[in-house]
file structure30.txt (compact mmCIF, C-alpha atoms)
# COMPACT_ATOMS: atom_id res chain seq x y z
CA MET A 1 25.95 259.02 225.61
CA SER A 2 25.02 261.76 223.14
CA ILE A 3 25.49 261.51 219.37
CA GLN A 4 28.91 262.69 218.15
CA PRO A 5 29.68 264.15 214.67
CA ARG A 6 31.46 261.52 212.58
CA LEU A 7 30.16 261.99 209.02
CA ASN A 8 31.78 264.31 206.46
CA ARG A 9 30.26 266.13 203.48
CA PHE A 10 30.87 263.25 201.06
CA ASP A 11 29.17 260.82 203.45
CA LEU A 12 26.15 263.12 203.65
CA SER A 13 26.04 263.67 199.87
CA MET A 14 25.88 259.90 199.38
CA ILE A 15 23.17 259.69 202.05
CA VAL A 16 21.13 262.36 200.21
CA ILE A 17 21.38 260.44 196.93
CA SER A 18 20.51 257.14 198.62
CA LEU A 19 17.56 258.64 200.49
CA VAL A 20 16.11 259.73 197.14
CA ILE A 21 17.17 256.98 194.73
CA GLY A 22 15.56 253.92 196.22
CA MET A 23 13.75 251.61 193.85
CA GLY A 24 11.15 254.21 192.91
CA ILE A 25 12.85 255.31 189.70
CA PHE A 26 13.03 251.68 188.56
CA GLY A 27 9.28 251.16 188.97
CA SER A 28 7.27 254.33 189.63
CA PRO A 29 7.62 255.71 186.05
CA SER A 30 5.09 252.99 185.21
CA ASP A 31 2.56 254.57 187.61
CA VAL A 32 3.39 258.03 186.23
CA ALA A 33 2.83 256.83 182.65
CA VAL A 34 -0.53 255.25 183.56
CA LYS A 35 -1.75 258.47 185.20
CA ALA A 36 -0.27 260.73 182.48
CA GLY A 37 -1.62 258.83 179.48
CA ASN A 38 0.71 260.52 176.98
CA THR A 39 4.33 261.52 176.42
CA TRP A 40 3.94 265.27 177.05
CA VAL A 41 2.31 264.91 180.44
CA PHE A 42 4.76 262.15 181.39
CA PHE A 43 7.91 264.19 180.75
CA GLY A 44 6.25 267.41 181.89
CA ALA A 45 5.59 265.80 185.28
CA TRP A 46 9.22 264.64 185.66
CA ILE A 47 10.68 268.02 184.64
CA PHE A 48 8.26 270.00 186.82
CA GLY A 49 8.85 267.57 189.69
CA GLY A 50 12.60 268.06 189.33
CA LEU A 51 12.31 271.85 189.45
CA VAL A 52 10.02 271.71 192.49
CA THR A 53 12.35 269.27 194.21
CA LEU A 54 15.28 271.61 193.59
CA CYS A 55 13.25 274.39 195.23
CA GLY A 56 12.59 272.06 198.16
CA ALA A 57 16.27 271.10 198.37
CA LEU A 58 17.33 274.75 198.54
CA THR A 59 14.70 275.41 201.21
CA PHE A 60 15.75 272.46 203.35
CA ALA A 61 19.40 273.37 202.84
CA GLU A 62 18.79 276.69 204.59
CA ILE A 63 16.63 275.05 207.28
CA GLY A 64 19.43 272.57 207.94
CA ALA A 65 22.02 275.35 208.07
CA ARG A 66 19.98 277.48 210.48
CA TYR A 67 18.95 274.60 212.74
CA PRO A 68 21.53 271.77 212.66
CA THR A 69 20.55 269.20 215.29
CA THR A 70 19.88 265.47 215.63
CA GLY A 71 16.31 264.67 214.56
CA GLY A 72 16.13 268.06 212.84
CA PHE A 73 12.91 267.29 210.97
CA TYR A 74 11.13 266.93 214.31
CA LYS A 75 13.04 269.66 216.15
CA VAL A 76 12.28 272.38 213.62
CA PHE A 77 8.52 271.74 214.01
CA SER A 78 8.86 271.89 217.79
CA TYR A 79 10.89 275.11 217.68
CA CYS A 80 8.80 276.95 215.08
CA TYR A 81 5.29 275.69 215.88
CA HIS A 82 4.67 273.69 219.06
CA PRO A 83 5.94 270.35 220.48
CA ALA A 84 2.41 268.90 220.23
CA PHE A 85 2.21 269.79 216.55
CA ALA A 86 5.74 268.46 216.00
CA PHE A 87 4.82 265.11 217.51
CA MET A 88 1.51 264.89 215.63
CA ILE A 89 3.22 265.40 212.25
CA ASN A 90 6.35 263.37 212.90
CA TRP A 91 4.84 260.31 214.52
CA VAL A 92 2.79 259.86 211.35
CA LEU A 93 5.78 260.62 209.10
CA VAL A 94 7.93 258.00 210.78
CA ILE A 95 5.16 255.47 210.08
CA SER A 96 4.95 256.83 206.53
CA ASN A 97 8.71 256.41 206.13
CA ALA A 98 8.40 252.85 207.38
CA SER A 99 5.74 252.39 204.70
CA SER A 100 8.15 253.79 202.09
CA VAL A 101 10.74 251.24 203.17
CA ALA A 102 8.12 248.50 202.87
CA ALA A 103 6.98 249.77 199.45
CA VAL A 104 10.50 249.93 198.02
CA ALA A 105 11.40 246.54 199.48
CA LEU A 106 8.28 245.06 197.86
CA LEU A 107 9.33 246.52 194.52
CA GLY A 108 12.82 245.08 194.98
CA ALA A 109 11.32 241.67 195.68
CA GLU A 110 9.44 241.86 192.36
CA TYR A 111 12.82 242.18 190.64
CA ILE A 112 14.67 239.38 192.42
CA ASN A 113 11.95 236.77 192.99
CA PRO A 114 11.78 235.46 189.38
CA ILE A 115 15.50 234.63 189.70
CA LEU A 116 15.67 233.65 193.35
CA LEU A 117 12.50 231.69 194.14
CA PRO A 118 10.82 228.61 192.59
CA ALA A 119 7.64 228.96 190.53
CA SER A 120 5.48 227.96 193.50
CA LEU A 121 6.55 231.15 195.30
CA GLN A 122 6.09 233.54 192.38
CA ASN A 123 3.18 235.18 194.20
CA GLN A 124 2.36 237.66 196.97
CA ALA A 125 3.51 235.25 199.68
CA GLY A 126 6.91 234.85 198.02
CA THR A 127 7.22 238.60 197.59
CA LYS A 128 6.54 239.18 201.28
CA ILE A 129 9.02 236.50 202.36
CA THR A 130 11.81 238.12 200.34
CA THR A 131 10.88 241.60 201.55
CA ILE A 132 10.83 240.63 205.23
CA LEU A 133 14.17 238.82 204.99
CA THR A 134 15.72 241.84 203.26
CA VAL A 135 14.63 244.22 206.03
CA LEU A 136 15.77 241.85 208.78
CA ILE A 137 19.24 241.32 207.27
CA LEU A 138 19.82 245.07 207.00
CA TYR A 139 18.52 245.54 210.54
CA VAL A 140 21.28 243.22 211.78
CA ILE A 141 23.95 244.90 209.64
CA ASN A 142 23.08 248.35 211.01
CA PHE A 143 24.10 247.27 214.50
CA LEU A 144 27.73 247.34 213.29
CA GLY A 145 27.86 251.13 213.63
CA ILE A 146 27.01 254.38 211.87
CA LYS A 147 30.43 254.99 210.30
CA LEU A 148 30.60 251.48 208.89
CA SER A 149 27.01 251.84 207.67
CA ALA A 150 27.94 255.14 206.01
CA ARG A 151 30.89 253.51 204.22
CA ALA A 152 28.67 250.68 203.00
CA GLN A 153 26.14 253.32 201.95
CA ASN A 154 28.79 255.16 199.92
CA VAL A 155 29.66 251.99 198.03
CA LEU A 156 26.01 251.08 197.38
CA THR A 157 25.21 254.62 196.22
CA ILE A 158 28.14 254.87 193.81
CA PHE A 159 27.22 251.42 192.51
CA LYS A 160 23.61 252.54 191.98
CA VAL A 161 24.62 255.71 190.12
CA VAL A 162 26.99 253.76 187.85
CA ALA A 163 24.23 251.22 187.08
CA ILE A 164 21.88 254.03 186.00
CA LEU A 165 24.58 255.62 183.84
CA VAL A 166 25.31 252.29 182.14
CA LEU A 167 21.63 251.79 181.28
CA CYS A 168 21.32 255.36 179.98
CA THR A 169 24.42 255.25 177.78
CA ALA A 170 23.71 251.75 176.47
CA ILE A 171 20.72 252.95 174.45
CA PHE A 172 23.05 255.05 172.26
CA LYS A 173 25.14 251.98 171.39
CA SER A 174 22.22 249.71 170.64
CA ASP A 175 19.45 249.86 168.05
CA ALA A 176 17.37 247.26 169.89
CA THR A 177 13.72 248.16 170.34
CA ALA A 178 11.01 246.40 172.28
CA HIS A 179 7.58 245.69 170.89
CA VAL A 180 6.13 249.13 171.56
CA ALA A 181 2.67 248.80 173.03
CA THR A 182 -0.06 251.35 172.42
CA ALA A 183 -0.34 253.89 175.22
CA VAL A 184 -3.54 253.83 177.28
CA PRO A 185 -5.01 257.36 177.66
CA ALA A 186 -5.48 258.78 181.15
CA GLN A 187 -8.88 258.07 182.70
CA GLY A 188 -11.31 260.97 182.46
CA GLY A 189 -9.34 262.83 179.80
CA ASN A 190 -8.72 265.84 182.08
CA MET A 191 -5.16 267.07 181.40
CA ILE A 192 -4.82 269.00 184.68
CA SER A 193 -6.05 266.06 186.73
CA ALA A 194 -3.75 263.67 184.82
CA PHE A 195 -0.80 265.98 185.50
CA GLY A 196 -1.66 266.29 189.20
CA LEU A 197 -2.06 262.55 189.69
CA SER A 198 1.19 261.92 187.80
CA LEU A 199 3.00 264.12 190.31
CA VAL A 200 2.01 261.81 193.19
CA ALA A 201 4.41 259.09 191.99
CA VAL A 202 6.94 261.67 190.74
CA PHE A 203 7.23 263.39 194.14
CA PHE A 204 7.43 260.02 195.86
CA THR A 205 10.39 259.15 193.64
CA TYR A 206 12.07 262.52 194.25
CA GLY A 207 11.41 262.50 198.01
CA GLY A 208 13.58 261.53 200.94
CA TYR A 209 16.23 264.27 200.96
CA GLN A 210 14.40 266.10 203.78
CA GLN A 211 15.58 263.39 206.19
CA THR A 212 19.12 264.73 205.74
CA ILE A 213 18.45 267.34 208.42
CA ASN A 214 17.93 264.49 210.92
CA PHE A 215 21.71 263.99 210.80
CA GLY A 216 22.51 267.48 212.11
CA GLY A 217 24.24 265.99 215.15
CA ASP A 218 26.18 263.42 213.10
CA ILE A 219 27.74 265.84 210.58
CA ILE A 220 31.14 267.48 210.96
CA ASN A 221 30.70 271.27 210.44
CA ALA A 222 26.94 270.77 209.89
CA LYS A 223 26.06 274.41 209.08
CA ALA A 224 28.33 274.37 206.04
CA ASN A 225 28.13 270.74 204.97
CA ILE A 226 24.35 270.12 205.16
CA PRO A 227 23.37 272.69 202.47
CA LYS A 228 26.25 271.78 200.14
CA ALA A 229 25.49 268.06 200.41
CA ILE A 230 21.76 268.56 199.78
CA VAL A 231 22.24 270.78 196.71
CA PHE A 232 24.90 268.51 195.18
CA GLY A 233 22.90 265.36 195.91
CA ILE A 234 19.60 266.62 194.50
CA SER A 235 21.22 268.08 191.37
CA THR A 236 22.79 264.68 190.70
CA VAL A 237 19.45 262.91 191.25
CA ILE A 238 17.50 265.19 188.88
CA ALA A 239 20.03 264.64 186.08
CA LEU A 240 19.95 260.85 186.57
CA TYR A 241 16.15 260.71 186.71
CA LEU A 242 15.63 262.63 183.48
CA ALA A 243 18.26 260.50 181.75
CA ILE A 244 16.81 257.14 182.82
CA ASN A 245 13.25 258.18 181.92
CA TYR A 246 14.44 259.15 178.46
CA ALA A 247 16.08 255.72 178.16
CA TYR A 248 12.83 253.98 179.16
CA TYR A 249 10.89 256.01 176.61
CA ALA A 250 13.41 255.57 173.79
CA VAL A 251 13.33 251.77 174.07
CA LEU A 252 9.88 250.92 175.45
CA GLY A 253 7.64 253.86 174.53
CA ILE A 254 4.92 255.18 176.85
CA GLY A 255 2.79 252.07 176.30
CA GLY A 256 5.65 249.79 177.28
CA ILE A 257 6.40 251.87 180.38
CA GLN A 258 2.76 251.59 181.43
CA GLN A 259 2.81 247.79 181.34
CA THR A 260 5.66 246.88 183.67
CA HIS A 261 7.01 247.86 187.10
CA THR A 262 10.38 246.14 186.54
CA LEU A 263 11.44 248.79 184.03
CA ALA A 264 15.21 248.66 184.47
CA ALA A 265 15.29 244.88 183.99
CA LYS A 266 12.97 245.14 180.98
CA LEU A 267 15.19 247.84 179.46
CA ALA A 268 18.34 245.76 180.03
CA GLY A 269 16.59 242.69 178.61
CA VAL A 270 15.82 244.50 175.37
CA ILE A 271 19.37 245.90 175.05
CA PHE A 272 21.47 243.01 176.39
CA GLY A 273 19.13 240.01 176.09
CA PRO A 274 17.95 237.49 178.76
CA THR A 275 21.28 237.57 180.61
CA GLY A 276 21.07 241.35 180.86
CA TYR A 277 17.57 241.05 182.32
CA LYS A 278 18.75 238.68 185.05
CA VAL A 279 21.90 240.64 185.91
CA THR A 280 20.00 243.92 186.10
CA SER A 281 17.32 242.36 188.29
CA ILE A 282 20.04 241.39 190.76
CA LEU A 283 21.64 244.84 190.56
CA MET A 284 18.30 246.55 191.17
CA PHE A 285 17.73 244.39 194.21
CA VAL A 286 21.14 245.41 195.54
CA SER A 287 20.09 249.05 195.14
CA VAL A 288 17.11 248.29 197.40
CA LEU A 289 19.59 247.41 200.12
CA GLY A 290 21.01 250.92 199.98
CA TYR A 291 17.63 252.62 200.31
CA VAL A 292 16.37 250.41 203.12
CA ASN A 293 19.71 250.69 204.92
CA VAL A 294 19.79 254.50 204.89
CA ASN A 295 16.20 254.73 206.16
CA ILE A 296 16.93 252.36 209.03
CA LEU A 297 19.86 254.66 209.78
CA ALA A 298 17.98 257.98 209.51
CA ASN A 299 14.53 257.55 211.03
CA PRO A 300 15.52 256.54 214.58
CA ARG A 301 17.13 260.01 214.88
CA VAL A 302 13.58 261.38 215.10
CA TYR A 303 12.93 259.16 218.13
CA TYR A 304 16.12 260.57 219.67
CA ALA A 305 14.80 264.13 219.22
CA MET A 306 11.42 263.20 220.71
CA ALA A 307 13.13 261.64 223.73
CA GLU A 308 15.19 264.83 224.19
CA ASP A 309 11.93 266.78 224.36
CA GLY A 310 10.56 264.35 226.95
CA ILE A 311 7.80 263.04 224.66
CA LEU A 312 9.25 259.53 224.39
CA PRO A 313 10.92 257.68 227.30
CA PRO A 314 14.64 258.46 227.81
CA ILE A 315 15.57 254.97 226.63
CA PHE A 316 14.91 256.14 223.04
CA LYS A 317 17.79 258.58 223.45
CA ARG A 318 20.20 255.84 224.47
CA VAL A 319 23.07 255.46 221.97
CA ASN A 320 25.64 252.69 221.91
CA PRO A 321 28.84 254.63 222.71
CA LYS A 322 30.98 252.50 220.40
CA THR A 323 28.74 252.17 217.35
CA GLN A 324 26.62 255.37 217.69
CA VAL A 325 23.56 253.16 217.03
CA GLN A 326 20.17 253.77 218.64
CA GLU A 327 19.41 250.12 219.18
CA LEU A 328 15.87 250.51 220.56
CA GLY A 329 14.85 253.24 218.13
CA MET A 330 16.09 251.17 215.20
CA THR A 331 14.21 248.12 216.46
CA VAL A 332 10.95 250.07 216.75
CA PHE A 333 11.29 251.49 213.22
CA VAL A 334 12.05 248.11 211.65
CA ALA A 335 9.16 246.54 213.57
CA ALA A 336 6.81 249.19 212.14
CA ALA A 337 7.98 248.44 208.59
CA LEU A 338 7.46 244.70 209.08
CA ILE A 339 3.97 245.16 210.55
CA ILE A 340 2.98 247.31 207.57
CA LEU A 341 4.18 244.58 205.21
CA PHE A 342 1.59 242.19 206.61
CA PHE A 343 -1.26 244.50 205.52
CA VAL A 344 -0.09 245.77 202.14
CA ASP A 345 0.50 243.69 199.02
CA SER A 346 1.82 246.10 196.36
CA PHE A 347 3.85 249.24 195.69
CA SER A 348 0.94 251.07 194.01
CA GLN A 349 -1.47 250.29 196.84
CA MET A 350 0.80 251.98 199.38
CA LEU A 351 1.86 254.97 197.28
CA LYS A 352 -1.04 257.39 197.75
CA TYR A 353 -1.12 256.92 201.54
CA VAL A 354 2.61 257.55 201.87
CA MET A 355 2.41 260.62 199.67
CA PHE A 356 -0.60 262.06 201.49
CA PHE A 357 1.42 262.24 204.71
CA ASP A 358 4.61 263.31 202.92
CA THR A 359 3.07 266.21 201.01
CA ILE A 360 1.52 267.63 204.17
CA GLY A 361 4.62 267.07 206.30
CA LEU A 362 7.12 268.47 203.79
CA SER A 363 5.09 271.55 202.91
CA LEU A 364 4.54 272.43 206.58
CA CYS A 365 8.23 271.88 207.32
CA ALA A 366 9.17 274.15 204.41
CA LEU A 367 6.95 276.87 205.92
CA THR A 368 9.26 276.95 208.95
CA ILE A 369 11.87 278.79 206.87
CA PHE A 370 9.80 281.97 207.24
CA ILE A 371 9.79 281.60 211.03
CA LEU A 372 13.44 280.56 211.24
CA ARG A 373 14.53 283.62 209.26
CA LYS A 374 12.90 285.92 211.81
CA ARG A 375 14.17 284.05 214.87
CA THR A 376 17.74 283.50 213.66
CA LYS A 377 18.56 286.85 212.02
CA ASP A 378 21.87 286.86 213.89
CA LEU A 379 23.03 283.98 211.65
CA ASP A 380 22.59 285.97 208.42
CA THR A 381 26.10 287.41 208.70
CA SER A 382 27.75 284.18 209.86
CA GLY A 383 28.39 282.81 206.37
CA ILE A 384 25.62 280.14 206.40
CA TYR A 385 23.74 279.19 203.24
CA VAL A 386 20.86 281.58 202.39
CA ILE A 387 18.31 281.11 199.58
CA LYS A 388 18.90 283.76 196.91
CA TRP A 389 15.38 284.02 195.46
CA PHE A 390 13.46 284.18 198.71
CA PRO A 391 10.48 283.83 199.19
CA LEU A 392 9.81 282.60 195.62
CA ILE A 393 11.74 279.32 195.99
CA PRO A 394 9.93 277.98 199.11
CA VAL A 395 6.55 279.30 197.88
CA ILE A 396 6.85 277.32 194.61
CA PHE A 397 7.67 274.18 196.58
CA ILE A 398 4.83 274.62 199.09
CA LEU A 399 2.14 275.40 196.50
CA ALA A 400 3.18 272.45 194.29
CA TYR A 401 2.92 270.04 197.21
CA TRP A 402 -0.49 271.41 198.20
CA PHE A 403 -1.64 270.88 194.60
CA VAL A 404 -0.62 267.22 194.85
CA THR A 405 -2.33 266.88 198.24
CA VAL A 406 -5.62 268.03 196.68
CA ASN A 407 -5.23 265.49 193.87
CA ILE A 408 -4.64 262.71 196.38
CA PHE A 409 -7.83 263.74 198.19
CA ILE A 410 -9.64 263.39 194.87
CA THR A 411 -8.42 259.80 194.51
CA PHE A 412 -9.71 259.03 198.01
CA LYS A 413 -13.28 259.24 196.67
CA GLU A 414 -12.74 255.65 195.49
CA ASP A 415 -12.36 254.69 199.15
CA PRO A 416 -14.54 256.96 201.34
CA PHE A 417 -12.79 255.87 204.54
CA ALA A 418 -9.23 256.51 203.30
CA ALA A 419 -9.25 260.25 204.04
CA PHE A 420 -10.90 259.60 207.40
CA TRP A 421 -8.21 257.14 208.48
CA CYS A 422 -5.42 259.47 207.36
CA LEU A 423 -6.84 262.40 209.33
CA ALA A 424 -7.57 260.10 212.29
CA ALA A 425 -3.86 259.17 212.38
CA TYR A 426 -3.00 262.84 212.99
CA ALA A 427 -5.66 263.14 215.68
CA LEU A 428 -4.36 260.00 217.39
CA GLY A 429 -0.84 261.45 217.44
CA LEU A 430 -2.12 264.61 219.10
CA GLY A 431 -3.92 262.53 221.72
CA ILE A 432 -0.81 260.45 222.43
CA TYR A 433 1.22 263.62 222.95
CA TYR A 434 -1.10 265.10 225.57
CA LEU A 435 -1.46 261.77 227.35
CA GLY A 436 2.23 261.02 227.70
CA ALA A 437 4.35 264.13 227.17
CA ARG A 438 6.46 265.74 229.84
CA LYS A 439 7.64 269.34 229.72
CA PRO A 440 9.62 269.79 226.47
CA LYS A 441 13.09 271.24 226.36
CA THR A 442 13.63 272.13 222.72
CA ILE A 443 17.22 273.00 221.85
CA GLN A 444 17.77 276.53 220.57
CA PRO A 445 19.77 276.89 217.37
CA GLU A 446 23.39 277.91 217.90
call {"tool": "encode", "arguments": {"input": "structure30.txt", "output": "structure tokens"}}
result
Amino acid sequence: MSIQPRLNRFDLSMIVISLVIGMGIFGSPSDVAVKAGNTWVFFGAWIFGGLVTLCGALTFAEIGARYPTTGGFYKVFSYCYHPAFAFMINWVLVISNASSVAAVALLGAEYINPILLPASLQNQAGTKITTILTVLILYVINFLGIKLSARAQNVLTIFKVVAILVLCTAIFKSDATAHVATAVPAQGGNMISAFGLSLVAVFFTYGGYQQTINFGGDIINAKANIPKAIVFGISTVIALYLAINYAYYAVLGIGGIQQTHTLAAKLAGVIFGPTGYKVTSILMFVSVLGYVNVNILANPRVYYAMAEDGILPPIFKRVNPKTQVQELGMTVFVAAALIILFFVDSFSQMLKYVMFFDTIGLSLCALTIFILRKRTKDLDTSGIYVIKWFPLIPVIFILAYWFVTVNIFITFKEDPFAAFWCLAAYALGLGIYYLGARKPKTIQPE
């Protein structure tokens, strides 16, 4: 049975927000502060990252409007470039997304473990146990169906947004201040390099909205609702991110931000005391559930698109007619996330590898807007969303992501084999395509 449209614009808006607001904003500002070394670079990176992300959101809004289909992130590569290139990029990105799930789940475990586990398990083993159990529980829940998952997602997302707003507004009703540590300057003292490296964690924290176009087949009136949901969702995220980073800075200072990954709990602890620290740790862990849940929901749609093109076996296209769940695709994605967890111990360790694949994948996907505009000119008068400041908007997004890609390459000099393995992953994907692919049958946009 094929996928049927069951999600409305509000459902998709909540999915956009949940795809972006995982646990990154509650931990990654620490990595940004370490790389930035000072207040100006720190806030400059978040503001610039927000503007670039808005450019990306507008670009993907038009891509989603011009090519609304299940597994859209894969399909648009296949339609605009070549099925082999589409598979090469997306097979790595699905693994990268599984890594993102693992990274965020690890960060969530850092929040909950001091409350949940005994002192003997306050270590890497305890963190992995909590992370694996979290992923497995959500894997089981997702079998209940896409509409039920979307409703749960709506509740978790609203809850997450309210939690951020409470933390942001609390600083104006409290004069509590932490012991402000001295900021550690960025290594090397190069302002441009510090800014570029800061953007790695910033773009990771802002990323995820591109997966919205994977739900093209699930959305009611997709051509109208995809762009509106993306723009509303990203605008909300940018406002929340700038507000929470100001709250961190106002209470902890740049030095304090540098020294802890559990920032939200630390902030609440300073404002509300030990009880506030514990309650916020639990709330932050609940927010992890929303991020992991929506990724388990979204990524198997790429497998569906690959199976439609004949690259993966037809069984990956099989959907439970009652629940609209891709049971095999979901199992494969969750298995990938769990395997990755056995090899990686921390959020920071995984970040640069995830972002290397993401910056390349997102920038190349954004380039498809130029091809789509030529091939779908007939849609220009149909009332779909069209970027006003074209081509400036997508060009800003693409160049910014290439700038970050270069900076990630620079960090790979610490590990000479890192760049090799990343590029080898792409080459392996290309080899798998030509070994196993049948004749593709890419769907034309309507």
call {"tool": "closest_atom_pairs", "arguments": {"input": "structure30.txt", "of": "segment 30-107 of chain A", "to": "segment 285-303 of chain A", "cutoff": "8 Å", "atoms": "only C-alpha atoms", "output": "tab-separated table"}}
result
residue	atom	partner	partner_atom	distance
A:Thr70	CA	A:Arg301	CA	6.2
A:Gly71	CA	A:Val302	CA	4.3
A:Gly72	CA	A:Val302	CA	7.5
A:Phe73	CA	A:Val302	CA	7.2
A:Tyr74	CA	A:Val302	CA	6.1
A:Asn90	CA	A:Val302	CA	7.8
A:Val94	CA	A:Asn299	CA	6.6
A:Asn97	CA	A:Asn295	CA	7.7
A:Val101	CA	A:Val292	CA	5.7
A:Val104	CA	A:Val288	CA	6.8
A:Ala105	CA	A:Val288	CA	6.3
call {"tool": "write_last_selection", "arguments": {"input": "structure30.txt", "atoms": "C-alpha atoms", "output": "compact mmCIF listing (two decimals), keeping the file's coordinate frame"}}
result
# COMPACT_ATOMS: atom_id res chain seq x y z
CA THR A 70 19.88 265.47 215.63
CA GLY A 71 16.31 264.67 214.56
CA GLY A 72 16.13 268.06 212.84
CA PHE A 73 12.91 267.29 210.97
CA TYR A 74 11.13 266.93 214.31
CA ASN A 90 6.35 263.37 212.90
CA VAL A 94 7.93 258.00 210.78
CA ASN A 97 8.71 256.41 206.13
CA VAL A 101 10.74 251.24 203.17
CA VAL A 104 10.50 249.93 198.02
CA ALA A 105 11.40 246.54 199.48
call {"tool": "atom_distance", "arguments": {"input": "structure30.txt", "atom1": "atom CA of Ala194 of chain A", "atom2": "atom CA of Phe356 of chain A"}}
result
17.0 Å
call {"tool": "axis_aligned_box", "arguments": {"input": "structure30.txt", "around": "segment 51-59 of chain A", "padding_each_side": "3 Å", "output": "lines of an AutoDock Vina configuration file"}}
result
center_x = 13.7
center_y = 272.3
center_z = 195.3
size_x = 13.3
size_y = 12.1
size_z = 17.8
call {"tool": "atom_distance", "arguments": {"input": "structure30.txt", "atom1": "atom CA of Gln258 of chain A", "atom2": "atom CA of Gly108 of chain A"}}
result
18.1 Å
call {"tool": "closest_residue", "arguments": {"input": "structure30.txt", "among": "A:Phe43, A:Phe159, A:Tyr67, A:Tyr209", "to": "Lys223 of chain A", "atoms": "only C-alpha atoms"}}
result
A:Tyr67
call {"tool": "atom_distance", "arguments": {"input": "structure30.txt", "atom1": "atom CA of Leu54 of chain A", "atom2": "atom CA of Leu240 of chain A"}}
result
13.7 Å
call {"tool": "residues_around", "arguments": {"input": "structure30.txt", "residues": "segment 123-136 of chain A", "least_positions_apart": "4", "cutoff": "7 Å", "atoms": "all atoms listed in the file", "output": "number ranges by chain"}}
result
A: 105-106, 109-110, 113, 140, 338, 345
call {"tool": "closest_residue", "arguments": {"input": "structure30.txt", "among": "A:Leu51, A:Ala33, A:Val76, A:Leu423", "to": "Ala239 of chain A", "atoms": "only C-alpha atoms"}}
result
A:Leu51
call {"tool": "closest_residue", "arguments": {"input": "structure30.txt", "among": "A:Ile171, A:Ala229, A:Ala307, A:Ala337", "to": "Ile271 of chain A", "atoms": "all atoms listed in the file"}}
result
A:Ile171
call {"tool": "closest_residue", "arguments": {"input": "structure30.txt", "among": "A:Phe10, A:Tyr246, A:Phe204, A:Phe420", "to": "Phe42 of chain A", "atoms": "all atoms listed in the file"}}
result
A:Tyr246
call {"tool": "residues_around", "arguments": {"input": "structure30.txt", "residues": "Val16 of chain A", "least_positions_apart": "3", "cutoff": "10 Å", "atoms": "all atoms listed in the file", "output": "PyMOL selection string"}}
result
chain A and resi 10-13+19-21+157+207-213+226+229-234+236-237+294
call {"tool": "closest_residue", "arguments": {"input": "structure30.txt", "among": "A:Ile282, A:Met14, A:Ile192, A:Ile112", "to": "Asn154 of chain A", "atoms": "all atoms listed in the file"}}
result
A:Met14
call {"tool": "closest_residue", "arguments": {"input": "structure30.txt", "among": "A:Val404, A:Asn8, A:Leu428, A:Pro391", "to": "Arg151 of chain A", "atoms": "only C-alpha atoms"}}
result
A:Asn8
